[in-house]
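Note: the block below is coords-v1.cif and it holds mmCIF, C-alpha atoms.
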data_coords
loop_
_atom_site.label_atom_id
_atom_site.label_comp_id
_atom_site.auth_asym_id
_atom_site.auth_seq_id
_atom_site.Cartn_x
_atom_site.Cartn_y
_atom_site.Cartn_z
CA MET O 425 17.57 6.92 11.71
CA PRO O 426 15.51 9.69 13.25
CA GLY O 427 15.29 12.90 11.30
CA GLN O 428 16.41 11.39 8.01
CA GLY O 429 12.96 10.75 6.59
CA ASN O 430 12.76 6.98 6.92
CA ARG O 431 10.12 5.74 4.52
CA ILE O 432 9.48 2.32 6.03
CA ASP O 433 8.10 1.69 9.45
CA PHE O 434 10.59 -1.01 10.43
CA VAL O 435 8.29 -2.30 13.14
CA THR O 436 5.36 -3.09 10.84
CA GLY O 437 6.92 -2.91 7.36
CA ALA O 438 4.00 -0.67 6.40
CA PRO O 439 4.46 1.92 3.69
CA GLU O 440 4.67 5.51 4.74
CA LYS O 441 5.48 7.22 1.48
CA TYR O 442 2.50 5.61 -0.28
CA ALA O 443 0.02 5.64 2.61
CA ASP O 444 -2.01 8.30 0.79
CA LEU O 445 -2.56 5.88 -2.12
CA VAL O 446 -3.64 3.10 0.23
CA ASP O 447 -6.02 5.57 1.90
CA ALA O 448 -7.43 6.64 -1.48
CA LEU O 449 -8.05 2.98 -2.38
CA SER O 450 -9.80 2.40 0.93
CA ARG O 451 -12.26 5.26 0.27
CA ILE O 452 -13.38 4.10 -3.19
CA PRO O 453 -16.16 1.69 -2.13
CA ASN O 454 -17.82 4.28 0.12
CA GLN O 455 -17.54 6.94 -2.59
CA TYR O 456 -19.50 4.64 -4.89
CA ARG O 457 -22.01 3.80 -2.15
CA ASP O 458 -22.55 7.51 -1.48
CA ALA O 459 -22.97 8.34 -5.17
CA LEU O 460 -25.51 5.55 -5.61
CA ALA O 461 -27.49 6.06 -2.39
CA GLY O 462 -31.12 6.06 -3.40
CA ALA O 463 -30.44 5.37 -7.08
CA SER O 464 -33.30 3.54 -8.69
CA ASP O 465 -33.01 0.56 -10.98
CA ALA O 466 -34.52 2.70 -13.75
CA SER O 467 -31.91 5.45 -13.31
CA MET O 468 -29.14 2.85 -13.27
CA ARG O 469 -30.29 1.22 -16.49
CA ALA O 470 -31.22 4.38 -18.43
CA GLU O 471 -29.14 4.45 -21.63
CA PRO O 472 -27.69 7.88 -22.37
CA SER O 473 -27.10 8.70 -26.00
CA GLY O 474 -23.57 7.79 -26.99
CA GLY O 475 -22.54 6.36 -23.64
CA TRP O 476 -22.93 3.67 -21.06
CA SER O 477 -25.68 3.42 -18.49
CA ALA O 478 -24.74 3.83 -14.84
CA GLN O 479 -25.33 0.07 -14.47
CA ARG O 480 -22.86 -0.76 -17.24
CA ASN O 481 -20.34 1.67 -15.74
CA LEU O 482 -20.74 0.03 -12.34
CA ALA O 483 -20.35 -3.46 -13.83
CA HIS O 484 -17.17 -2.27 -15.59
CA VAL O 485 -15.85 -0.81 -12.31
CA THR O 486 -16.56 -4.14 -10.61
CA PHE O 487 -14.75 -6.07 -13.34
CA THR O 488 -11.82 -3.64 -13.28
CA SER O 489 -11.60 -3.71 -9.47
CA GLU O 490 -11.49 -7.50 -9.42
CA ALA O 491 -9.01 -7.78 -12.31
CA ASN O 492 -6.71 -5.13 -10.83
CA ASP O 493 -6.99 -6.71 -7.38
CA VAL O 494 -5.41 -9.84 -8.86
CA PHE O 495 -2.84 -8.01 -10.98
CA ILE O 496 -1.73 -5.54 -8.33
CA ALA O 497 -1.29 -8.44 -5.89
CA GLN O 498 0.85 -10.17 -8.51
CA MET O 499 2.92 -7.02 -8.95
CA ALA O 500 3.52 -6.82 -5.20
CA LYS O 501 4.75 -10.42 -5.06
CA MET O 502 6.07 -11.49 -8.46
CA THR O 503 8.80 -10.49 -10.85
CA MET O 504 7.41 -8.61 -13.87
CA PRO O 505 3.89 -10.10 -14.12
CA VAL O 506 1.93 -9.42 -17.29
CA ARG O 507 -1.73 -8.46 -16.96
CA LYS O 508 -4.12 -10.38 -19.14
CA HIS O 509 -5.31 -8.24 -22.04
CA PHE O 510 -8.89 -6.98 -21.85
CA GLU O 511 -10.56 -4.88 -24.50
CA SER O 512 -10.88 -1.23 -23.56
CA GLY O 513 -14.17 -0.75 -21.73
CA HIS O 514 -14.54 -4.46 -21.08
CA VAL O 515 -17.46 -5.61 -18.97
CA ALA O 516 -18.00 -9.21 -18.05
CA GLU O 517 -21.53 -9.86 -19.31
CA ASP O 518 -22.42 -11.82 -16.17
CA LEU O 519 -21.93 -8.70 -14.02
CA GLU O 520 -24.43 -6.36 -15.69
CA PRO O 521 -27.57 -8.08 -14.38
CA LEU O 522 -26.36 -7.97 -10.75
CA SER O 523 -27.96 -5.59 -8.28
CA ILE O 524 -26.32 -2.35 -7.22
CA ALA O 525 -25.75 -3.85 -3.76
CA ASP O 526 -24.09 -6.98 -5.16
CA LEU O 527 -21.78 -4.96 -7.42
CA LEU O 528 -20.86 -2.59 -4.58
CA ASP O 529 -20.14 -5.55 -2.30
CA ARG O 530 -17.78 -7.03 -4.90
CA ILE O 531 -16.02 -3.67 -5.37
CA GLU O 532 -15.64 -3.40 -1.60
CA ALA O 533 -14.26 -6.96 -1.32
CA ALA O 534 -11.67 -6.33 -4.06
CA HIS O 535 -10.56 -3.06 -2.50
CA SER O 536 -10.45 -4.53 0.99
CA ARG O 537 -8.02 -7.19 -0.24
CA LEU O 538 -5.90 -4.54 -1.97
CA VAL O 539 -5.85 -2.25 1.05
CA GLU O 540 -4.87 -5.14 3.32
CA LEU O 541 -2.05 -6.17 0.97
CA LEU O 542 -0.75 -2.70 0.20
CA SER O 543 -0.92 -1.49 3.80
CA HIS O 544 1.76 -4.10 4.55
CA THR O 545 3.80 -3.60 1.36
CA PRO O 546 7.07 -1.80 2.14
CA ASP O 547 7.84 1.37 0.25
CA ALA O 548 10.69 -0.32 -1.62
CA ALA O 549 8.25 -2.78 -3.25
CA TRP O 550 6.15 0.00 -4.80
CA GLY O 551 8.71 0.27 -7.59
CA ARG O 552 8.23 -3.37 -8.64
CA PRO O 553 7.44 -3.57 -12.36
CA GLY O 554 4.63 -5.22 -14.24
CA GLU O 555 3.38 -5.03 -17.79
CA VAL O 556 0.01 -3.83 -19.07
CA ARG O 557 -0.68 -3.78 -22.82
CA GLY O 558 3.02 -4.03 -23.62
CA LYS O 559 3.85 -1.12 -21.35
CA ARG O 560 6.08 -1.46 -18.28
CA MET O 561 4.86 0.29 -15.14
CA SER O 562 5.58 0.22 -11.44
CA LEU O 563 3.23 -0.95 -8.72
CA ARG O 564 2.79 2.70 -7.70
CA GLN O 565 1.90 3.72 -11.26
CA MET O 566 -0.62 0.89 -11.54
CA VAL O 567 -2.31 1.87 -8.27
CA VAL O 568 -2.49 5.52 -9.38
CA ILE O 569 -3.96 4.51 -12.76
CA HIS O 570 -6.53 2.30 -11.03
CA ILE O 571 -7.59 5.08 -8.63
CA GLU O 572 -7.85 7.63 -11.46
CA HIS O 573 -9.79 5.24 -13.72
CA LEU O 574 -12.33 4.50 -11.00
CA GLY O 575 -12.56 8.22 -10.21
CA ASP O 576 -13.49 8.92 -13.84
CA HIS O 577 -16.24 6.29 -13.72
CA LEU O 578 -17.48 7.57 -10.36
CA ALA O 579 -17.94 11.05 -11.83
CA GLU O 580 -19.80 9.58 -14.83
CA ILE O 581 -22.07 7.45 -12.66
CA ALA O 582 -22.84 10.38 -10.36
CA ARG O 583 -23.69 12.51 -13.41
CA LEU O 584 -26.00 9.81 -14.76
CA VAL O 585 -27.94 9.14 -11.56
CA ALA O 586 -28.07 12.76 -10.32
CA PRO O 587 -30.95 13.83 -12.62
CA ALA O 588 -33.08 10.92 -11.40
CA ALA O 589 -32.29 11.69 -7.76
CA ALA O 590 -33.12 15.38 -8.27
CA ALA O 591 -36.44 14.47 -9.93
CA ARG O 592 -37.48 12.43 -6.86
CA ARG O 593 -37.11 15.44 -4.53
#
What does this structure look like when you write it as structure tokens?
Amino acid sequence: MPGQGNRIDFVTGAPEKYADLVDALSRIPNQYRDALAGASDASMRAEPSGGWSAQRNLAHVTFTSEANDVFIAQMAKMTMPVRKHFESGHVAEDLEPLSIADLLDRIEAAHSRLVELLSHTPDAAWGRPGEVRGKRMSLRQMVVIHIEHLGDHLAEIARLVAPAAAARR
């Protein structure tokens, strides 16, 4: 009905109300690529006192992107899926030794799948519930949490590799 703020494009089924979240997800891989352009292996693996190296952060982001790719897809298609419990700050040990390029490629693959799925998920489905650590949340809430979590790690990684990049100039 024109003029009444339809939220679903009835031709494609694509979301309109949540298009900004799909767009934000689509930008994440390039934001990481930009932040890590020219980062050296040494700057990636430098251990700051009391924190994670940029490499460990990136491995965690890769793990989180892949795990949330699966869970968010389940939320879009299933009734009340429960995400497998991972310890806070979990990193799959097999990811840490991978190159920056390999980790970025995996992040991009996970986000490409999510963007493809969510760009065809009608607005009405964004309220579908799932459970994370005993807490019920909607698909929209999970996507927002994922974007914010990766934004926090992006800022940390940029902070960690920036001194090394500045020293090379």
task = Would you kindly translate the PyMOL selection byres ((chain O and resi 549) around 12) into the concrete residues it picks from this file, as an NGL selection string?
result = :O and (431-432 or 437-439 or 441-442 or 496-503 or 541-548 or 550-554 or 562-564)
Store the residues of this selection in a file with C-alpha atoms, as a tab-separated table (two decimals), in the coordinates of the input.
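As written to disk, again.tsv reads:
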chain	number	residue	atom	x	y	z
O	431	ARG	CA	10.12	5.74	4.52
O	432	ILE	CA	9.48	2.32	6.03
O	437	GLY	CA	6.92	-2.91	7.36
O	438	ALA	CA	4.00	-0.67	6.40
O	439	PRO	CA	4.46	1.92	3.69
O	441	LYS	CA	5.48	7.22	1.48
O	442	TYR	CA	2.50	5.61	-0.28
O	496	ILE	CA	-1.73	-5.54	-8.33
O	497	ALA	CA	-1.29	-8.44	-5.89
O	498	GLN	CA	0.85	-10.17	-8.51
O	499	MET	CA	2.92	-7.02	-8.95
O	500	ALA	CA	3.52	-6.82	-5.20
O	501	LYS	CA	4.75	-10.42	-5.06
O	502	MET	CA	6.07	-11.49	-8.46
O	503	THR	CA	8.80	-10.49	-10.85
O	541	LEU	CA	-2.05	-6.17	0.97
O	542	LEU	CA	-0.75	-2.70	0.20
O	543	SER	CA	-0.92	-1.49	3.80
O	544	HIS	CA	1.76	-4.10	4.55
O	545	THR	CA	3.80	-3.60	1.36
O	546	PRO	CA	7.07	-1.80	2.14
O	547	ASP	CA	7.84	1.37	0.25
O	548	ALA	CA	10.69	-0.32	-1.62
O	550	TRP	CA	6.15	0.00	-4.80
O	551	GLY	CA	8.71	0.27	-7.59
O	552	ARG	CA	8.23	-3.37	-8.64
O	553	PRO	CA	7.44	-3.57	-12.36
O	554	GLY	CA	4.63	-5.22	-14.24
O	562	SER	CA	5.58	0.22	-11.44
O	563	LEU	CA	3.23	-0.95	-8.72
O	564	ARG	CA	2.79	2.70	-7.70
request  = Counting only C-alpha atoms, figure out which residue out of O:Val485, O:Val494, O:Met504, O:Leu584 gets nearest to Ile452 in chain O.
outcome  = O:Val485
remark   = Separating CA of Ser489 in chain O from CA of Arg537 in chain O, to the nearest tenth of an Å, is a gap of 10.5 Å
ask   = Residues at most 12 Å from Val585 in chain O, counting only C-alpha atoms, excluding those fewer than 4 positions away in the same chain, as an NGL selection string?
value = :O and (456 or 458-472 or 477-479 or 481-482 or 578-581 or 589-592)
Selected residues, C-alpha atoms, written as an mmCIF file, keeping the file's coordinate frame, please.
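Contents of the output file again39.cif:
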data_model
loop_
_atom_site.group_PDB
_atom_site.id
_atom_site.type_symbol
_atom_site.label_atom_id
_atom_site.label_comp_id
_atom_site.auth_asym_id
_atom_site.auth_seq_id
_atom_site.Cartn_x
_atom_site.Cartn_y
_atom_site.Cartn_z
ATOM 1 C CA TYR O 456 -19.500 4.640 -4.890
ATOM 2 C CA ASP O 458 -22.550 7.510 -1.480
ATOM 3 C CA ALA O 459 -22.970 8.340 -5.170
ATOM 4 C CA LEU O 460 -25.510 5.550 -5.610
ATOM 5 C CA ALA O 461 -27.490 6.060 -2.390
ATOM 6 C CA GLY O 462 -31.120 6.060 -3.400
ATOM 7 C CA ALA O 463 -30.440 5.370 -7.080
ATOM 8 C CA SER O 464 -33.300 3.540 -8.690
ATOM 9 C CA ASP O 465 -33.010 0.560 -10.980
ATOM 10 C CA ALA O 466 -34.520 2.700 -13.750
ATOM 11 C CA SER O 467 -31.910 5.450 -13.310
ATOM 12 C CA MET O 468 -29.140 2.850 -13.270
ATOM 13 C CA ARG O 469 -30.290 1.220 -16.490
ATOM 14 C CA ALA O 470 -31.220 4.380 -18.430
ATOM 15 C CA GLU O 471 -29.140 4.450 -21.630
ATOM 16 C CA PRO O 472 -27.690 7.880 -22.370
ATOM 17 C CA SER O 477 -25.680 3.420 -18.490
ATOM 18 C CA ALA O 478 -24.740 3.830 -14.840
ATOM 19 C CA GLN O 479 -25.330 0.070 -14.470
ATOM 20 C CA ASN O 481 -20.340 1.670 -15.740
ATOM 21 C CA LEU O 482 -20.740 0.030 -12.340
ATOM 22 C CA LEU O 578 -17.480 7.570 -10.360
ATOM 23 C CA ALA O 579 -17.940 11.050 -11.830
ATOM 24 C CA GLU O 580 -19.800 9.580 -14.830
ATOM 25 C CA ILE O 581 -22.070 7.450 -12.660
ATOM 26 C CA ALA O 589 -32.290 11.690 -7.760
ATOM 27 C CA ALA O 590 -33.120 15.380 -8.270
ATOM 28 C CA ALA O 591 -36.440 14.470 -9.930
ATOM 29 C CA ARG O 592 -37.480 12.430 -6.860
#
query = What is the CA of Ala483 in chain O to CA of His514 in chain O distance in Å?
reply = 9.3 Å
key: Polymer residues at most 9 Å from Ala491 in chain O, all atoms listed in the file, same-chain spacing of 4 or more positions, as a count of residues only   = 7
ask   = Expressed in Å to a single decimal, how great is the separation between CA of Val539 in chain O and CA of Leu449 in chain O?
value =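 So the two atoms, CA of Val539 in chain O and CA of Leu449 in chain O, lie 6.6 Å apart.
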key: Expected selection from the PyMOL selection byres ((chain O and resi 521) around 12), given as a list in words   =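 The output of the PyMOL selection byres ((chain O and resi 521) around 12) on this file is Asp465, Met468, Arg469, Gln479, Arg480, Leu482, Ala483, His484, Val515, Ala516, Glu517, Asp518, Leu519, Glu520, Leu522, Ser523, Ile524, Ala525, Asp526 and Leu527 of chain O.
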query = Which residues match the PyMOL selection byres ((chain O and resi 568) around 12) in the file above, as a ChimeraX atom specification?
reply = /O:442,444-449,492,496,550,561-567,569-575
Is it possible to get the axis-aligned box enclosing range 565-570 of chain O (all listed atoms, 4 Å extra per side) as JSON, with centre and edge lengths in Å rounded to one decimal?
{"center_x": -2.3, "center_y": 3.2, "center_z": -10.5, "size_x": 16.4, "size_y": 12.6, "size_z": 12.5}
